[in-house]
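Structure file run_24.cif with mmCIF, C-alpha atoms:
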```cif
data_start
loop_
_atom_site.group_PDB
_atom_site.id
_atom_site.type_symbol
_atom_site.label_atom_id
_atom_site.label_comp_id
_atom_site.auth_asym_id
_atom_site.auth_seq_id
_atom_site.Cartn_x
_atom_site.Cartn_y
_atom_site.Cartn_z
ATOM 1 C CA VAL T 1 -32.837 18.586 9.574
ATOM 2 C CA CYS T 2 -35.152 19.442 12.491
ATOM 3 C CA SER T 3 -37.069 16.184 12.239
ATOM 4 C CA CYS T 4 -33.853 14.126 12.042
ATOM 5 C CA TYR T 5 -32.506 16.024 15.041
ATOM 6 C CA ALA T 6 -35.710 15.341 17.026
ATOM 7 C CA VAL T 7 -35.497 11.620 16.217
ATOM 8 C CA ALA T 8 -31.815 11.532 17.168
ATOM 9 C CA LEU T 9 -32.577 13.276 20.467
ATOM 10 C CA SER T 10 -35.322 10.827 21.322
ATOM 11 C CA VAL T 11 -33.122 7.814 20.519
ATOM 12 C CA VAL T 12 -29.797 8.949 21.993
ATOM 13 C CA ARG T 13 -31.182 10.777 25.067
ATOM 14 C CA PRO T 14 -28.071 12.882 25.673
ATOM 15 C CA TYR T 15 -29.277 14.483 28.905
ATOM 16 C CA LYS T 16 -29.293 12.842 32.322
ATOM 17 C CA ARG T 17 -32.770 13.950 33.337
ATOM 18 C CA VAL T 18 -35.870 12.754 31.503
ATOM 19 C CA GLU T 19 -37.439 16.220 31.596
ATOM 20 C CA ASP T 20 -34.463 17.692 29.735
ATOM 21 C CA ASN T 21 -34.760 15.095 26.978
ATOM 22 C CA VAL T 22 -38.494 15.756 26.626
ATOM 23 C CA LEU T 23 -37.889 19.506 26.512
ATOM 24 C CA ALA T 24 -35.202 19.106 23.833
ATOM 25 C CA VAL T 25 -37.477 17.026 21.602
ATOM 26 C CA ALA T 26 -40.397 19.417 22.163
ATOM 27 C CA THR T 27 -38.394 22.500 21.217
ATOM 28 C CA SER T 28 -37.061 20.736 18.135
ATOM 29 C CA LEU T 29 -40.571 19.812 16.971
ATOM 30 C CA VAL T 30 -41.914 23.304 17.678
ATOM 31 C CA LEU T 31 -39.047 24.739 15.642
ATOM 32 C CA LEU T 32 -39.951 22.335 12.823
ATOM 33 C CA LEU T 33 -43.583 23.488 12.934
ATOM 34 C CA LEU T 34 -42.514 27.141 12.871
ATOM 35 C CA PHE T 35 -40.325 26.454 9.824
ATOM 36 C CA LEU T 36 -43.237 24.742 8.088
ATOM 37 C CA GLY T 37 -45.566 27.616 8.959
ATOM 38 C CA THR T 38 -43.210 30.242 7.565
ATOM 39 C CA ASN T 39 -42.619 28.130 4.464
ATOM 40 C CA TRP T 40 -46.345 27.709 3.813
ATOM 41 C CA THR T 41 -46.922 31.429 4.425
ATOM 42 C CA THR T 42 -44.205 32.292 1.914
ATOM 43 C CA ILE T 43 -45.695 29.884 -0.642
ATOM 44 C CA PHE T 44 -49.172 31.322 -0.070
ATOM 45 C CA LEU T 45 -47.974 34.908 -0.557
ATOM 46 C CA GLY T 46 -45.890 33.885 -3.593
ATOM 47 C CA ILE T 47 -48.909 32.295 -5.276
ATOM 48 C CA GLU T 48 -51.018 35.401 -4.623
ATOM 49 C CA GLU T 49 -48.298 37.713 -5.933
ATOM 50 C CA ARG T 50 -47.121 35.780 -8.967
ATOM 51 C CA TYR T 51 -50.388 34.298 -10.228
ATOM 52 C CA GLN T 52 -53.032 36.995 -9.890
ATOM 53 C CA GLY T 53 -55.968 34.834 -10.956
ATOM 54 C CA ALA T 54 -54.913 31.678 -9.106
ATOM 55 C CA ASP T 55 -56.434 30.606 -5.835
ATOM 56 C CA PRO T 56 -53.854 29.521 -3.197
ATOM 57 C CA ALA T 57 -56.517 27.182 -1.779
ATOM 58 C CA ASP T 58 -56.001 24.950 -4.823
ATOM 59 C CA VAL T 59 -52.398 24.311 -3.737
ATOM 60 C CA LEU T 60 -52.377 24.680 0.063
ATOM 61 C CA GLY T 61 -55.997 24.122 0.996
ATOM 62 C CA PHE T 62 -56.316 27.490 2.768
ATOM 63 C CA SER T 63 -58.359 30.259 1.202
ATOM 64 C CA SER T 64 -56.862 33.024 3.331
ATOM 65 C CA LEU T 65 -53.568 33.710 5.054
ATOM 66 C CA THR T 66 -55.372 34.203 8.357
ATOM 67 C CA GLY T 67 -56.679 30.630 8.282
ATOM 68 C CA LEU T 68 -53.193 29.301 7.575
ATOM 69 C CA VAL T 69 -51.595 31.287 10.409
ATOM 70 C CA ASN T 70 -54.360 30.419 12.885
ATOM 71 C CA SER T 71 -54.084 26.710 12.133
ATOM 72 C CA MET T 72 -50.297 26.786 12.600
ATOM 73 C CA ILE T 73 -50.644 28.656 15.919
ATOM 74 C CA ALA T 74 -53.201 26.095 17.092
ATOM 75 C CA LEU T 75 -50.949 23.213 16.021
ATOM 76 C CA VAL T 76 -47.891 24.647 17.789
ATOM 77 C CA GLY T 77 -49.991 25.279 20.913
ATOM 78 C CA ALA T 78 -51.315 21.707 20.857
ATOM 79 C CA VAL T 79 -47.798 20.283 20.552
ATOM 80 C CA LEU T 80 -46.573 22.456 23.415
ATOM 81 C CA ILE T 81 -49.462 21.353 25.630
ATOM 82 C CA PHE T 82 -48.863 17.704 24.694
ATOM 83 C CA PHE T 83 -45.187 17.864 25.633
ATOM 84 C CA LEU T 84 -45.884 19.884 28.764
ATOM 85 C CA ILE T 85 -48.239 17.145 29.959
ATOM 86 C CA GLY T 86 -45.605 14.536 29.080
ATOM 87 C CA ALA T 87 -42.924 16.441 30.994
ATOM 88 C CA ILE T 88 -45.180 16.729 34.046
ATOM 89 C CA PHE T 89 -45.892 12.984 34.028
ATOM 90 C CA ALA T 90 -42.195 12.191 33.577
ATOM 91 C CA ALA T 91 -41.212 14.520 36.409
ATOM 92 C CA ARG T 92 -43.817 13.003 38.723
ATOM 93 C CA ARG T 93 -42.675 9.488 37.863
ATOM 94 C CA VAL T 94 -39.025 10.324 38.490
ATOM 95 C CA ALA T 95 -39.851 12.151 41.721
ATOM 96 C CA LYS T 96 -41.513 9.038 43.159
ATOM 97 C CA LEU T 97 -38.423 6.858 42.732
ATOM 98 C CA PRO T 98 -36.337 6.459 45.903
ATOM 99 C CA THR T 99 -32.869 7.876 45.310
ATOM 100 C CA PHE T 100 -29.830 9.185 47.116
ATOM 101 C CA ARG T 101 -29.458 12.933 46.647
ATOM 102 C CA LEU T 102 -26.809 15.439 47.573
ATOM 103 C CA VAL T 103 -27.870 17.761 50.378
ATOM 104 C CA SER T 104 -26.295 20.810 48.722
ATOM 105 C CA THR T 105 -27.859 20.540 45.243
ATOM 106 C CA LYS T 106 -30.725 18.025 45.662
ATOM 107 C CA GLN T 107 -29.362 16.286 42.528
ATOM 108 C CA LEU T 108 -28.197 12.696 42.100
ATOM 109 C CA PRO T 109 -24.503 12.236 42.939
ATOM 110 C CA GLU T 110 -22.088 11.633 40.101
ATOM 111 C CA LEU T 111 -20.914 8.069 40.780
ATOM 112 C CA THR T 112 -18.066 6.818 38.638
ATOM 113 C CA LEU T 113 -16.097 3.599 38.900
ATOM 114 C CA ALA T 114 -12.419 3.216 38.216
ATOM 115 C CA HIS T 115 -11.410 0.676 35.594
ATOM 116 C CA GLY T 116 -11.632 -2.848 36.952
ATOM 117 C CA LEU T 117 -13.971 -2.026 39.845
ATOM 118 C CA LYS T 118 -17.462 -3.481 39.961
ATOM 119 C CA TRP T 119 -19.326 -2.192 43.048
ATOM 120 C CA HIS T 120 -20.075 1.003 44.993
ATOM 121 C CA LEU T 121 -20.352 0.907 48.773
ATOM 122 C CA PHE T 122 -22.832 3.026 50.724
ATOM 123 C CA ASN T 123 -21.855 3.132 54.373
ATOM 124 C CA SER T 124 -24.492 4.764 56.545
ATOM 125 C CA HIS T 125 -23.504 6.491 59.740
ATOM 126 C CA ILE T 126 -26.803 5.457 61.347
ATOM 127 C CA TRP T 127 -27.146 1.742 62.099
ATOM 128 C CA SER T 128 -30.946 1.753 61.843
ATOM 129 C CA THR T 129 -30.832 2.627 58.142
#
```
Please go through the file and, once you have read it, give me the structure as structure tokens.
Amino acid sequence: VCSCYAVALSVVRPYKRVEDNVLAVATSLVLLLLFLGTNWTTIFLGIEERYQGADPADVLGFSSLTGLVNSMIALVGAVLIFFLIGAIFAARRVAKLPTFRLVSTKQLPELTLAHGLKWHLFNSHIWST
């Protein structure tokens, strides 16, 4: 469910700002990694509890629970850093684009057109612009 949601977010892009879309995908993937980490931890502990002579490393590849938890923490941290860098680059790219912004909120104005209209008109009060 989390991976399908992350793919849908990246395709649909429901938010207006690029940074919000990147943040939504990043939080969805981090949630997916946390679910996987808790699932693998539960499997590891179940193997140790149920099969006393069995080695969980045969199934999961980790000989201790500490190694499993540390690798998941490192993976989640790497994903967070990756998406943080991506969000910074996206924010810098968007900030360089020339745009009209509202003085009160510093956000882009909400421009809508009535049905049948094709153009917006920007009429400056200063002739030199």
**Asked** From the list T:Trp40, T:Phe83, T:Leu97, T:Asn123, which residue is nearest T:Asn21 when using only C-alpha atoms?
**Response** T:Phe83
**Shell around T:Leu34 at 9 Å using only C-alpha atoms, local window under 5 positions removed, as a PyMOL selection string** = chain T and resi 29+39+72-73+76
**Asked** Near T:Thr41, counting all atoms listed in the file, which residues have an atom at most 8 Å away, once you skip same-chain residues fewer than 2 positions from it, shown as a list in words?
**Response** Gly37, Thr38, Asn39, Ile43, Phe44, Leu45, Leu65, Leu68 and Val69 of chain T
May I have the selected residues written with C-alpha atoms, as a short mmCIF file (atom, residue, chain, number, x, y, z; two decimals), keeping the file's coordinate frame?
```
data_model
loop_
_atom_site.label_atom_id
_atom_site.label_comp_id
_atom_site.auth_asym_id
_atom_site.auth_seq_id
_atom_site.Cartn_x
_atom_site.Cartn_y
_atom_site.Cartn_z
CA GLY T 37 -45.57 27.62 8.96
CA THR T 38 -43.21 30.24 7.56
CA ASN T 39 -42.62 28.13 4.46
CA ILE T 43 -45.70 29.88 -0.64
CA PHE T 44 -49.17 31.32 -0.07
CA LEU T 45 -47.97 34.91 -0.56
CA LEU T 65 -53.57 33.71 5.05
CA LEU T 68 -53.19 29.30 7.58
CA VAL T 69 -51.60 31.29 10.41
#
```
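Between atom CA of T:Leu102 and atom CA of T:His120 there is a distance of 16.1 Å.
Proximity to T:Val30 was assessed for T:Pro98, T:Gly77, T:Gly116, T:Pro109 counting all atoms listed in the file; the smallest distance is recorded for T:Gly77.
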To box stretch 77-84 of chain T, take all atoms listed in the file, fit an axis-aligned box, add 3 Å on each side, and give centre and edge lengths in Å to one decimal, as lines of an AutoDock Vina configuration file.
```
center_x = -48.3
center_y = 21.5
center_z = 24.7
size_x = 12.1
size_y = 13.6
size_z = 14.2
```
**Item:** Result set, the PyMOL selection byres ((chain T and resi 26) around 12) on current file, as an NGL selection string
**Value:** :T and (2-3 or 5-7 or 9-10 or 19-25 or 27-33 or 76-87)
**Message:** Ranking T:Leu75, T:Leu121, T:Arg13, T:Glu48 by minimum distance to T:Ser63 and counting all atoms listed in the file, which one comes first?
**Reply:** T:Glu48
